[in-house]
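See below for the structure under consideration.
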Amino acid sequence: MTRRAPSLPQIRQALQRHDPRILRPPNVDWRMAAVLVPLLPRPDGVHVLFTERSKDLRAHGGQVSFPGGGIEPQDEGPREAALRESFEEVGLR
């Protein structure tokens, strides 16, 4: 049985229904961060862009991830941080 990937409108609808509450364990000092989930429409379906972190990094070295990073003081919020980091990491505009 072949299963087709969801369309961009279906993905958008599912994300709009998502409850974005963050569950935080007690006594953990979290750094606020944001990621972008780049969905790229292509003739054969929707593709997702991942990055591979450098193996030399102290945290999460060599892992596959979405582009993103810490929210900086100049960022208006998570969206702007994710877009800024995506441009810095992969040149995505």
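Going by the structure tokens order, chains are called A, B, ..., each with residues numbered from 1, while ligands are numbered from 1 in the order shown.
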(message) Applying 7 Å and only C-alpha atoms, which residues near range 75-79 of chain A remain after dropping the ones on its own chain fewer than 3 positions away? List them as a PyMOL selection string.
(response) chain A and resi 33-34+71-72+82-83
Can I get the selected residues back with C-alpha atoms, as an mmCIF file, in the first residue's frame?
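Below is the file that was written, result02.cif:
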```cif
data_model
loop_
_atom_site.group_PDB
_atom_site.id
_atom_site.type_symbol
_atom_site.label_atom_id
_atom_site.label_comp_id
_atom_site.auth_asym_id
_atom_site.auth_seq_id
_atom_site.Cartn_x
_atom_site.Cartn_y
_atom_site.Cartn_z
ATOM 1 C CA ALA A 33 15.272 28.675 21.275
ATOM 2 C CA ALA A 34 13.354 28.265 18.041
ATOM 3 C CA ILE A 71 16.439 33.510 20.745
ATOM 4 C CA GLU A 72 18.627 36.626 20.918
ATOM 5 C CA ALA A 82 14.075 30.798 13.613
ATOM 6 C CA LEU A 83 14.217 32.808 10.383
#
```
Identify, on the basis of only C-alpha atoms, every residue whose closest approach to range 36-50 of chain A does not exceed 8 Å; exclude the query and any residue fewer than 5 positions from it along the same chain; express the result as a PDB file with N, CA and C atoms, in the first residue's frame.
```pdb
ATOM      1  N   ALA A   5       2.342  11.566   0.816  1.00  0.00           N
ATOM      2  CA  ALA A   5       2.675  12.566   1.836  1.00  0.00           C
ATOM      3  C   ALA A   5       1.549  13.592   1.904  1.00  0.00           C
ATOM      4  N   PRO A   6       1.333  14.186   3.061  1.00  0.00           N
ATOM      5  CA  PRO A   6       0.291  15.213   3.159  1.00  0.00           C
ATOM      6  C   PRO A   6       0.654  16.438   2.328  1.00  0.00           C
ATOM      7  N   SER A   7      -0.359  17.137   1.878  1.00  0.00           N
ATOM      8  CA  SER A   7      -0.150  18.363   1.102  1.00  0.00           C
ATOM      9  C   SER A   7       0.184  19.513   2.055  1.00  0.00           C
ATOM     10  N   LEU A   8       0.677  20.618   1.505  1.00  0.00           N
ATOM     11  CA  LEU A   8       0.963  21.781   2.348  1.00  0.00           C
ATOM     12  C   LEU A   8      -0.281  22.291   3.073  1.00  0.00           C
ATOM     13  N   VAL A  64      21.440  15.303  13.254  1.00  0.00           N
ATOM     14  CA  VAL A  64      20.603  15.889  12.209  1.00  0.00           C
ATOM     15  C   VAL A  64      19.535  16.720  12.912  1.00  0.00           C
ATOM     16  N   SER A  65      19.308  17.927  12.391  1.00  0.00           N
ATOM     17  CA  SER A  65      18.365  18.817  13.064  1.00  0.00           C
ATOM     18  C   SER A  65      17.710  19.758  12.065  1.00  0.00           C
ATOM     19  N   PHE A  66      16.708  20.461  12.542  1.00  0.00           N
ATOM     20  CA  PHE A  66      16.147  21.566  11.774  1.00  0.00           C
ATOM     21  C   PHE A  66      17.036  22.780  12.004  1.00  0.00           C
ATOM     22  N   PRO A  67      17.088  23.716  11.044  1.00  0.00           N
ATOM     23  CA  PRO A  67      17.842  24.938  11.300  1.00  0.00           C
ATOM     24  C   PRO A  67      17.166  25.745  12.412  1.00  0.00           C
ATOM     25  N   GLY A  68      17.970  26.306  13.277  1.00  0.00           N
ATOM     26  CA  GLY A  68      17.431  27.107  14.365  1.00  0.00           C
ATOM     27  C   GLY A  68      18.457  27.315  15.445  1.00  0.00           C
ATOM     28  N   ALA A  82      13.970  31.952  14.509  1.00  0.00           N
ATOM     29  CA  ALA A  82      14.075  30.798  13.613  1.00  0.00           C
ATOM     30  C   ALA A  82      14.467  31.231  12.203  1.00  0.00           C
ATOM     31  N   LEU A  83      13.879  32.320  11.724  1.00  0.00           N
ATOM     32  CA  LEU A  83      14.217  32.808  10.383  1.00  0.00           C
ATOM     33  C   LEU A  83      15.657  33.313  10.327  1.00  0.00           C
ATOM     34  N   SER A  86      18.011  30.332  10.447  1.00  0.00           N
ATOM     35  CA  SER A  86      17.952  29.575   9.188  1.00  0.00           C
ATOM     36  C   SER A  86      18.766  30.267   8.103  1.00  0.00           C
TER      37      SER A  86
END
```
(request) Could you tell me how far CA of Gly69 in chain A lies from CA of Met32 in chain A, in Å and to one decimal? (result)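 Between CA of Gly69 in chain A and CA of Met32 in chain A the gap works out to 8.5 Å.
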(request) Just the helix (DSSP H, G or I) stuff from chain A, please, per backbone DSSP, written as a list in words. (result)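 The residues of chain A classed as helix (DSSP H, G or I) are Leu8, Pro9, Gln10, Ile11, Arg12, Gln13, Ala14, Leu15, Gln16, Arg17, Pro78, Arg79, Glu80, Ala81, Ala82, Leu83, Arg84, Glu85, Ser86, Phe87, Glu88, Glu89 and Val90 of chain A.
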Export of prior selection with N, CA and C atoms as a PDB file, in the first residue's frame:
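Contents of part.pdb, as written:
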```pdb
ATOM      1  N   LEU A   8       0.677  20.618   1.505  1.00  0.00           N
ATOM      2  CA  LEU A   8       0.963  21.781   2.348  1.00  0.00           C
ATOM      3  C   LEU A   8      -0.281  22.291   3.073  1.00  0.00           C
ATOM      4  N   PRO A   9      -1.454  22.376   2.419  1.00  0.00           N
ATOM      5  CA  PRO A   9      -2.648  22.791   3.170  1.00  0.00           C
ATOM      6  C   PRO A   9      -2.989  21.830   4.320  1.00  0.00           C
ATOM      7  N   GLN A  10      -2.802  20.534   4.122  1.00  0.00           N
ATOM      8  CA  GLN A  10      -3.066  19.571   5.194  1.00  0.00           C
ATOM      9  C   GLN A  10      -2.083  19.760   6.350  1.00  0.00           C
ATOM     10  N   ILE A  11      -0.817  20.014   6.019  1.00  0.00           N
ATOM     11  CA  ILE A  11       0.193  20.249   7.053  1.00  0.00           C
ATOM     12  C   ILE A  11      -0.134  21.528   7.814  1.00  0.00           C
ATOM     13  N   ARG A  12      -0.480  22.586   7.082  1.00  0.00           N
ATOM     14  CA  ARG A  12      -0.828  23.866   7.711  1.00  0.00           C
ATOM     15  C   ARG A  12      -2.006  23.683   8.672  1.00  0.00           C
ATOM     16  N   GLN A  13      -3.023  22.948   8.232  1.00  0.00           N
ATOM     17  CA  GLN A  13      -4.206  22.719   9.068  1.00  0.00           C
ATOM     18  C   GLN A  13      -3.835  21.942  10.340  1.00  0.00           C
ATOM     19  N   ALA A  14      -2.992  20.928  10.201  1.00  0.00           N
ATOM     20  CA  ALA A  14      -2.575  20.150  11.372  1.00  0.00           C
ATOM     21  C   ALA A  14      -1.778  21.011  12.348  1.00  0.00           C
ATOM     22  N   LEU A  15      -0.911  21.877  11.828  1.00  0.00           N
ATOM     23  CA  LEU A  15      -0.123  22.747  12.696  1.00  0.00           C
ATOM     24  C   LEU A  15      -0.997  23.771  13.408  1.00  0.00           C
ATOM     25  N   GLN A  16      -2.045  24.244  12.747  1.00  0.00           N
ATOM     26  CA  GLN A  16      -2.946  25.208  13.378  1.00  0.00           C
ATOM     27  C   GLN A  16      -3.721  24.578  14.532  1.00  0.00           C
ATOM     28  N   ARG A  17      -3.948  23.272  14.475  1.00  0.00           N
ATOM     29  CA  ARG A  17      -4.653  22.568  15.556  1.00  0.00           C
ATOM     30  C   ARG A  17      -3.713  22.191  16.705  1.00  0.00           C
ATOM     31  N   PRO A  78      10.110  34.060  18.705  1.00  0.00           N
ATOM     32  CA  PRO A  78      10.593  32.793  18.166  1.00  0.00           C
ATOM     33  C   PRO A  78      10.621  32.742  16.635  1.00  0.00           C
ATOM     34  N   ARG A  79       9.598  33.296  15.992  1.00  0.00           N
ATOM     35  CA  ARG A  79       9.546  33.264  14.521  1.00  0.00           C
ATOM     36  C   ARG A  79      10.760  33.965  13.926  1.00  0.00           C
ATOM     37  N   GLU A  80      11.050  35.165  14.422  1.00  0.00           N
ATOM     38  CA  GLU A  80      12.179  35.931  13.901  1.00  0.00           C
ATOM     39  C   GLU A  80      13.503  35.226  14.200  1.00  0.00           C
ATOM     40  N   ALA A  81      13.606  34.618  15.368  1.00  0.00           N
ATOM     41  CA  ALA A  81      14.823  33.882  15.717  1.00  0.00           C
ATOM     42  C   ALA A  81      15.033  32.701  14.775  1.00  0.00           C
ATOM     43  N   ALA A  82      13.970  31.952  14.509  1.00  0.00           N
ATOM     44  CA  ALA A  82      14.075  30.798  13.613  1.00  0.00           C
ATOM     45  C   ALA A  82      14.467  31.231  12.203  1.00  0.00           C
ATOM     46  N   LEU A  83      13.879  32.320  11.724  1.00  0.00           N
ATOM     47  CA  LEU A  83      14.217  32.808  10.383  1.00  0.00           C
ATOM     48  C   LEU A  83      15.657  33.313  10.327  1.00  0.00           C
ATOM     49  N   ARG A  84      16.083  34.050  11.345  1.00  0.00           N
ATOM     50  CA  ARG A  84      17.464  34.552  11.387  1.00  0.00           C
ATOM     51  C   ARG A  84      18.453  33.401  11.409  1.00  0.00           C
ATOM     52  N   GLU A  85      18.228  32.439  12.287  1.00  0.00           N
ATOM     53  CA  GLU A  85      19.127  31.291  12.392  1.00  0.00           C
ATOM     54  C   GLU A  85      19.156  30.481  11.099  1.00  0.00           C
ATOM     55  N   SER A  86      18.011  30.332  10.447  1.00  0.00           N
ATOM     56  CA  SER A  86      17.952  29.575   9.188  1.00  0.00           C
ATOM     57  C   SER A  86      18.766  30.267   8.103  1.00  0.00           C
ATOM     58  N   PHE A  87      18.730  31.589   8.084  1.00  0.00           N
ATOM     59  CA  PHE A  87      19.553  32.324   7.126  1.00  0.00           C
ATOM     60  C   PHE A  87      21.031  32.145   7.468  1.00  0.00           C
ATOM     61  N   GLU A  88      21.385  32.269   8.749  1.00  0.00           N
ATOM     62  CA  GLU A  88      22.783  32.130   9.165  1.00  0.00           C
ATOM     63  C   GLU A  88      23.325  30.733   8.875  1.00  0.00           C
ATOM     64  N   GLU A  89      22.513  29.703   9.089  1.00  0.00           N
ATOM     65  CA  GLU A  89      22.991  28.325   8.973  1.00  0.00           C
ATOM     66  C   GLU A  89      22.987  27.790   7.551  1.00  0.00           C
ATOM     67  N   VAL A  90      21.933  28.088   6.797  1.00  0.00           N
ATOM     68  CA  VAL A  90      21.816  27.491   5.453  1.00  0.00           C
ATOM     69  C   VAL A  90      21.514  28.504   4.361  1.00  0.00           C
TER      70      VAL A  90
END
```
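Looking only at chain A, the set that DSSP places in strand (DSSP E) from backbone geometry is Ala33, Ala34, Val35, Leu39, Leu40, Pro41, Arg42, Gly45, Val46, His47, Val48, Thr51, Glu52, Val64, Ser65, Gly68, Gly69 and Gly70 of chain A.
Residue nearest Val35 in chain A, chosen from A:Asp19, A:His60, A:Gly70, A:Leu92 and counting only C-alpha atoms: A:Gly70.
Atom pair CA of Gln63 in chain A / CA of Thr51 in chain A has a distance of 8.3 Å (rounded to one decimal).
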(message) Would you compute the distance between CA of Gly91 in chain A and CA of Arg53 in chain A? Give it in Å to one decimal.
(response)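 Interatomic distance, CA of Gly91 in chain A to CA of Arg53 in chain A: 15.1 Å.
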